[in-house]
$ cat query-v7.pdb   # PDB, C-alpha atoms, pLDDT in the B column
ATOM      1  CA  MET A1475     -12.178  23.137 -67.442  1.00 86.00           C
ATOM      2  CA  ALA A1476     -11.472  21.526 -70.796  1.00 89.00           C
ATOM      3  CA  LYS A1477     -15.162  21.020 -71.496  1.00 93.00           C
ATOM      4  CA  MET A1478     -15.794  24.620 -70.501  1.00 94.00           C
ATOM      5  CA  ALA A1479     -13.155  25.843 -72.981  1.00 95.00           C
ATOM      6  CA  MET A1480     -14.760  23.775 -75.704  1.00 96.00           C
ATOM      7  CA  GLY A1481     -18.214  25.123 -74.788  1.00 96.00           C
ATOM      8  CA  PHE A1482     -17.066  28.725 -74.895  1.00 97.00           C
ATOM      9  CA  GLY A1483     -15.316  27.946 -78.168  1.00 97.00           C
ATOM     10  CA  VAL A1484     -18.590  26.727 -79.651  1.00 97.00           C
ATOM     11  CA  MET A1485     -20.328  29.906 -78.445  1.00 97.00           C
ATOM     12  CA  LEU A1486     -17.705  32.083 -80.139  1.00 97.00           C
ATOM     13  CA  ILE A1487     -17.961  30.055 -83.343  1.00 97.00           C
ATOM     14  CA  ALA A1488     -21.722  30.640 -83.300  1.00 96.00           C
ATOM     15  CA  VAL A1489     -21.232  34.386 -82.757  1.00 95.00           C
ATOM     16  CA  GLY A1490     -18.824  34.540 -85.691  1.00 94.00           C
ATOM     17  CA  VAL A1491     -21.040  32.571 -88.057  1.00 94.00           C
ATOM     18  CA  VAL A1492     -24.148  34.563 -87.104  1.00 93.00           C
ATOM     19  CA  GLY A1493     -22.236  37.818 -87.514  1.00 90.00           C
ATOM     20  CA  PHE A1494     -20.986  36.715 -90.922  1.00 92.00           C
ATOM     21  CA  VAL A1495     -24.488  35.798 -92.087  1.00 91.00           C
ATOM     22  CA  VAL A1496     -26.052  38.986 -90.656  1.00 87.00           C
ATOM     23  CA  SER A1497     -23.430  41.107 -92.404  1.00 83.00           C
ATOM     24  CA  GLY A1498     -24.517  39.621 -95.703  1.00 84.00           C
ATOM     25  CA  SER A1499     -21.578  37.203 -95.897  1.00 79.00           C
ATOM     26  CA  THR A1500     -19.397  39.927 -97.385  1.00 84.00           C
ATOM     27  CA  HIS A1501     -17.253  40.904 -94.403  1.00 83.00           C
ATOM     28  CA  PRO A1502     -14.748  38.155 -93.522  1.00 88.00           C
ATOM     29  CA  THR A1503     -13.722  40.040 -90.376  1.00 89.00           C
ATOM     30  CA  ALA A1504     -17.086  38.997 -88.932  1.00 89.00           C
ATOM     31  CA  LEU A1505     -15.558  35.515 -88.633  1.00 93.00           C
ATOM     32  CA  ILE A1506     -12.888  36.643 -86.143  1.00 94.00           C
ATOM     33  CA  PRO A1507     -14.880  35.340 -83.147  1.00 95.00           C
ATOM     34  CA  ALA A1508     -15.188  31.993 -84.927  1.00 96.00           C
ATOM     35  CA  TRP A1509     -11.400  31.745 -85.235  1.00 96.00           C
ATOM     36  CA  PHE A1510     -10.966  32.517 -81.539  1.00 97.00           C
ATOM     37  CA  GLY A1511     -13.674  29.946 -80.792  1.00 97.00           C
ATOM     38  CA  LEU A1512     -11.919  27.352 -82.917  1.00 97.00           C
ATOM     39  CA  ALA A1513      -8.684  27.997 -81.010  1.00 97.00           C
ATOM     40  CA  LEU A1514     -10.472  27.618 -77.657  1.00 97.00           C
ATOM     41  CA  ALA A1515     -12.211  24.437 -78.782  1.00 97.00           C
ATOM     42  CA  ILE A1516      -8.929  22.902 -79.968  1.00 97.00           C
ATOM     43  CA  LEU A1517      -7.120  23.910 -76.787  1.00 97.00           C
ATOM     44  CA  GLY A1518      -9.963  22.484 -74.719  1.00 96.00           C
ATOM     45  CA  ALA A1519      -9.736  19.207 -76.633  1.00 96.00           C
ATOM     46  CA  LEU A1520      -5.969  19.096 -76.085  1.00 96.00           C
ATOM     47  CA  ALA A1521      -6.500  19.748 -72.356  1.00 94.00           C
ATOM     48  CA  ARG A1522      -8.612  16.595 -72.026  1.00 94.00           C
ATOM     49  CA  THR A1523      -5.627  14.536 -70.969  1.00 92.00           C
ATOM     50  CA  GLU A1524      -4.656  12.670 -67.819  1.00 93.00           C
ATOM     51  CA  ASP A1525      -1.259  14.393 -67.703  1.00 93.00           C
ATOM     52  CA  ALA A1526      -1.737  17.271 -65.255  1.00 89.00           C
ATOM     53  CA  ARG A1527       1.187  19.287 -66.619  1.00 92.00           C
ATOM     54  CA  LYS A1528      -0.082  19.136 -70.202  1.00 94.00           C
ATOM     55  CA  ARG A1529      -3.618  19.940 -69.061  1.00 92.00           C
ATOM     56  CA  MET A1530      -2.323  22.941 -67.140  1.00 92.00           C
ATOM     57  CA  LEU A1531      -0.283  24.120 -70.139  1.00 95.00           C
ATOM     58  CA  TRP A1532      -3.191  23.888 -72.597  1.00 96.00           C
ATOM     59  CA  MET A1533      -5.603  25.597 -70.219  1.00 95.00           C
ATOM     60  CA  HIS A1534      -3.168  28.435 -69.545  1.00 95.00           C
ATOM     61  CA  ILE A1535      -2.798  28.932 -73.282  1.00 96.00           C
ATOM     62  CA  ALA A1536      -6.591  28.853 -73.611  1.00 96.00           C
ATOM     63  CA  VAL A1537      -7.052  31.512 -70.935  1.00 96.00           C
ATOM     64  CA  THR A1538      -4.456  33.657 -72.715  1.00 97.00           C
ATOM     65  CA  VAL A1539      -6.440  33.335 -75.949  1.00 97.00           C
ATOM     66  CA  GLY A1540      -9.543  34.271 -73.970  1.00 96.00           C
ATOM     67  CA  LEU A1541      -7.821  37.313 -72.494  1.00 97.00           C
ATOM     68  CA  VAL A1542      -6.761  38.530 -75.938  1.00 97.00           C
ATOM     69  CA  GLY A1543     -10.300  37.791 -77.127  1.00 96.00           C
ATOM     70  CA  PHE A1544     -11.593  40.085 -74.402  1.00 97.00           C
ATOM     71  CA  LEU A1545      -9.096  42.930 -74.640  1.00 96.00           C
ATOM     72  CA  PHE A1546      -8.988  43.721 -78.356  1.00 95.00           C
ATOM     73  CA  PRO A1547     -12.703  43.463 -79.202  1.00 95.00           C
ATOM     74  CA  GLY A1548     -13.577  45.154 -75.925  1.00 94.00           C
ATOM     75  CA  VAL A1549     -11.344  48.128 -76.696  1.00 95.00           C
ATOM     76  CA  MET A1550     -12.679  48.308 -80.258  1.00 93.00           C
ATOM     77  CA  ALA A1551     -16.304  48.268 -79.054  1.00 92.00           C
ATOM     78  CA  VAL A1552     -15.683  50.925 -76.415  1.00 91.00           C
ATOM     79  CA  MET A1553     -13.907  53.110 -78.976  1.00 92.00           C
ATOM     80  CA  ALA A1554     -16.856  52.761 -81.378  1.00 92.00           C
ATOM     81  CA  TYR A1555     -19.330  53.738 -78.658  1.00 88.00           C
ATOM     82  CA  VAL A1556     -17.180  56.723 -77.650  1.00 90.00           C
ATOM     83  CA  LYS A1557     -16.839  57.903 -81.257  1.00 90.00           C
ATOM     84  CA  ALA A1558     -20.609  57.719 -81.683  1.00 87.00           C
ATOM     85  CA  HIS A1559     -21.118  60.248 -78.818  1.00 83.00           C
ATOM     86  CA  GLY A1560     -24.531  58.751 -78.070  1.00 78.00           C
ATOM     87  CA  GLY A1561     -25.557  58.862 -81.730  1.00 83.00           C
ATOM     88  CA  ALA A1562     -25.735  56.157 -84.337  1.00 86.00           C
ATOM     89  CA  LEU A1563     -22.848  53.721 -84.572  1.00 85.00           C
ATOM     90  CA  ALA A1564     -20.885  53.662 -87.825  1.00 83.00           C
ATOM     91  CA  ARG A1565     -20.975  49.840 -87.965  1.00 84.00           C
ATOM     92  CA  PRO A1566     -23.572  48.647 -85.444  1.00 86.00           C
ATOM     93  CA  ALA A1567     -23.410  44.937 -86.338  1.00 86.00           C
ATOM     94  CA  ALA A1568     -19.620  44.854 -86.014  1.00 88.00           C
ATOM     95  CA  THR A1569     -19.674  46.785 -82.741  1.00 89.00           C
ATOM     96  CA  GLU A1570     -22.319  44.513 -81.255  1.00 92.00           C
ATOM     97  CA  GLU A1571     -20.387  41.432 -82.325  1.00 93.00           C
ATOM     98  CA  GLN A1572     -17.215  42.828 -80.740  1.00 94.00           C
ATOM     99  CA  ALA A1573     -19.068  43.561 -77.517  1.00 95.00           C
ATOM    100  CA  VAL A1574     -20.603  40.072 -77.406  1.00 96.00           C
ATOM    101  CA  MET A1575     -17.218  38.458 -78.059  1.00 96.00           C
ATOM    102  CA  ALA A1576     -15.609  40.570 -75.333  1.00 97.00           C
ATOM    103  CA  VAL A1577     -18.276  39.602 -72.793  1.00 97.00           C
ATOM    104  CA  ILE A1578     -18.068  35.886 -73.644  1.00 97.00           C
ATOM    105  CA  CYS A1579     -14.283  35.935 -73.365  1.00 97.00           C
ATOM    106  CA  LEU A1580     -14.390  37.921 -70.116  1.00 97.00           C
ATOM    107  CA  VAL A1581     -16.704  35.356 -68.522  1.00 97.00           C
ATOM    108  CA  PHE A1582     -14.432  32.546 -69.745  1.00 97.00           C
ATOM    109  CA  VAL A1583     -11.318  34.222 -68.318  1.00 97.00           C
ATOM    110  CA  ALA A1584     -13.042  34.937 -65.004  1.00 96.00           C
ATOM    111  CA  LEU A1585     -14.173  31.314 -64.650  1.00 96.00           C
ATOM    112  CA  CYS A1586     -10.688  30.065 -65.525  1.00 94.00           C
ATOM    113  CA  VAL A1587      -8.993  32.356 -63.005  1.00 94.00           C
ATOM    114  CA  ARG A1588     -11.508  31.260 -60.363  1.00 94.00           C
ATOM    115  CA  SER A1589     -10.732  27.618 -61.144  1.00 91.00           C
ATOM    116  CA  PHE A1590      -6.966  28.193 -61.123  1.00 89.00           C
ATOM    117  CA  ILE A1591      -7.232  29.814 -57.689  1.00 90.00           C
ATOM    118  CA  ALA A1592      -9.333  26.912 -56.373  1.00 89.00           C
ATOM    119  CA  VAL A1593      -6.800  24.381 -57.640  1.00 85.00           C
ATOM    120  CA  ARG A1594      -3.944  26.320 -56.057  1.00 84.00           C
ATOM    121  CA  ARG A1595      -5.778  26.506 -52.719  1.00 86.00           C
ATOM    122  CA  GLY A1596      -6.528  22.794 -52.913  1.00 83.00           C
ATOM    123  CA  ARG A1597      -2.873  22.025 -53.537  1.00 79.00           C
ATOM    124  CA  ASN A1598      -1.764  24.230 -50.632  1.00 79.00           C
ATOM    125  CA  ALA A1599      -4.292  22.597 -48.287  1.00 77.00           C
ATOM    126  CA  GLN A1600      -2.935  19.132 -49.097  1.00 75.00           C
ATOM    127  CA  GLN A1601       0.693  20.016 -48.401  1.00 71.00           C
ATOM    128  CA  PRO A1602       1.832  19.547 -44.819  1.00 67.00           C
ATOM    129  CA  SER A1603       3.038  22.679 -43.136  1.00 60.00           C
ATOM    130  CA  VAL A1604       6.760  22.975 -42.374  1.00 59.00           C
ATOM    131  CA  ASP A1605       6.535  24.864 -39.092  1.00 56.00           C
TER     132      ASP A1605
END
$ encode --input "query-v7.pdb" --output "structure tokens"
Amino acid sequence: MAKMAMGFGVMLIAVGVVGFVVSGSTHPTALIPAWFGLALAILGALARTEDARKRMLWMHIAVTVGLVGFLFPGVMAVMAYVKAHGGALARPAATEEQAVMAVICLVFVALCVRSFIAVRRGRNAQQPSVD
């Protein structure tokens, strides 16, 4: 999981840097995905520990960052598409970057939730029943 968080962090950093360059390096808000990616990469690095409680804490914080990284850009992208009414987008590069960030973060959150459920099931299977 920690390596996955770092990998998704690198992807978001790449999206932010590419968006910044494509926008002509004049819009610093294009770097927002890079900041989220940096946070995920740092949290992933912190989660690479033998202490299960610390690993769990850092990964839960990482999935929260991923959830925020899905919700806000996703809402902004949907609002931009709705405002366009099928016509031209006001800021197509920004809207595309928001959509890409939302999709990347959604996949990350889904994989994390899937892993958390698998760990919980594994823990429950190891515990003896008290019937």
$ closest_residue --input "query-v7.pdb" --among "A:Leu1517, A:Thr1538, A:Ser1589, A:Met1550" --to "Ala1573 in chain A" --atoms "all atoms listed in the file"
A:Met1550
$ residues_around --input "query-v7.pdb" --residues "range 1483-1488 of chain A" --least-positions-apart "5" --cutoff "8 Å" --atoms "only C-alpha atoms" --output "ChimeraX atom specification"
/A:1505,1507-1515,1575,1578
$ atom_distance --input "query-v7.pdb" --atom1 "CA of Ala1504 in chain A" --atom2 "CA of Pro1566 in chain A"
12.1 Å
$ closest_residue --input "query-v7.pdb" --among "A:Met1480, A:Val1496, A:Ile1506, A:Leu1545" --to "Ala1576 in chain A" --atoms "all atoms listed in the file"
A:Leu1545
$ residues_around --input "query-v7.pdb" --residues "range 1527-1533 of chain A" --least-positions-apart "4" --cutoff "8 Å" --atoms "all atoms listed in the file" --output "list in words"
Met1475, Ala1476, Leu1517, Gly1518, Leu1520, Ala1521, Arg1522, Thr1523 and Val1537 of chain A
$ write_last_selection --input "query-v7.pdb" --atoms "C-alpha atoms" --output "mmCIF file, in the frame of the given file"
data_model
loop_
_atom_site.group_PDB
_atom_site.id
_atom_site.type_symbol
_atom_site.label_atom_id
_atom_site.label_comp_id
_atom_site.auth_asym_id
_atom_site.auth_seq_id
_atom_site.Cartn_x
_atom_site.Cartn_y
_atom_site.Cartn_z
ATOM 1 C CA MET A 1475 -12.178 23.137 -67.442
ATOM 2 C CA ALA A 1476 -11.472 21.526 -70.796
ATOM 3 C CA LEU A 1517 -7.120 23.910 -76.787
ATOM 4 C CA GLY A 1518 -9.963 22.484 -74.719
ATOM 5 C CA LEU A 1520 -5.969 19.096 -76.085
ATOM 6 C CA ALA A 1521 -6.500 19.748 -72.356
ATOM 7 C CA ARG A 1522 -8.612 16.595 -72.026
ATOM 8 C CA THR A 1523 -5.627 14.536 -70.969
ATOM 9 C CA VAL A 1537 -7.052 31.512 -70.935
#
$ closest_residue --input "query-v7.pdb" --among "A:Ala1519, A:Ala1562, A:Leu1585, A:Ala1526" --to "Gly1540 in chain A" --atoms "all atoms listed in the file"
A:Leu1585
$ atom_distance --input "query-v7.pdb" --atom1 "CA of Pro1502 in chain A" --atom2 "CA of Ala1551 in chain A"
17.7 Å
$ closest_residue --input "query-v7.pdb" --among "A:Glu1571, A:Val1556, A:Ala1536, A:Asn1598" --to "Val1492 in chain A" --atoms "all atoms listed in the file"
A:Glu1571
$ closest_residue --input "query-v7.pdb" --among "A:Ala1564, A:Val1552, A:Ile1516, A:Ala1592" --to "Ile1535 in chain A" --atoms "all atoms listed in the file"
A:Ile1516
$ atom_distance --input "query-v7.pdb" --atom1 "CA of Val1491 in chain A" --atom2 "CA of Glu1570 in chain A"
13.8 Å
$ closest_residue --input "query-v7.pdb" --among "A:Leu1563, A:Val1587, A:Ala1479, A:Val1574" --to "Pro1547 in chain A" --atoms "all atoms listed in the file"
A:Val1574
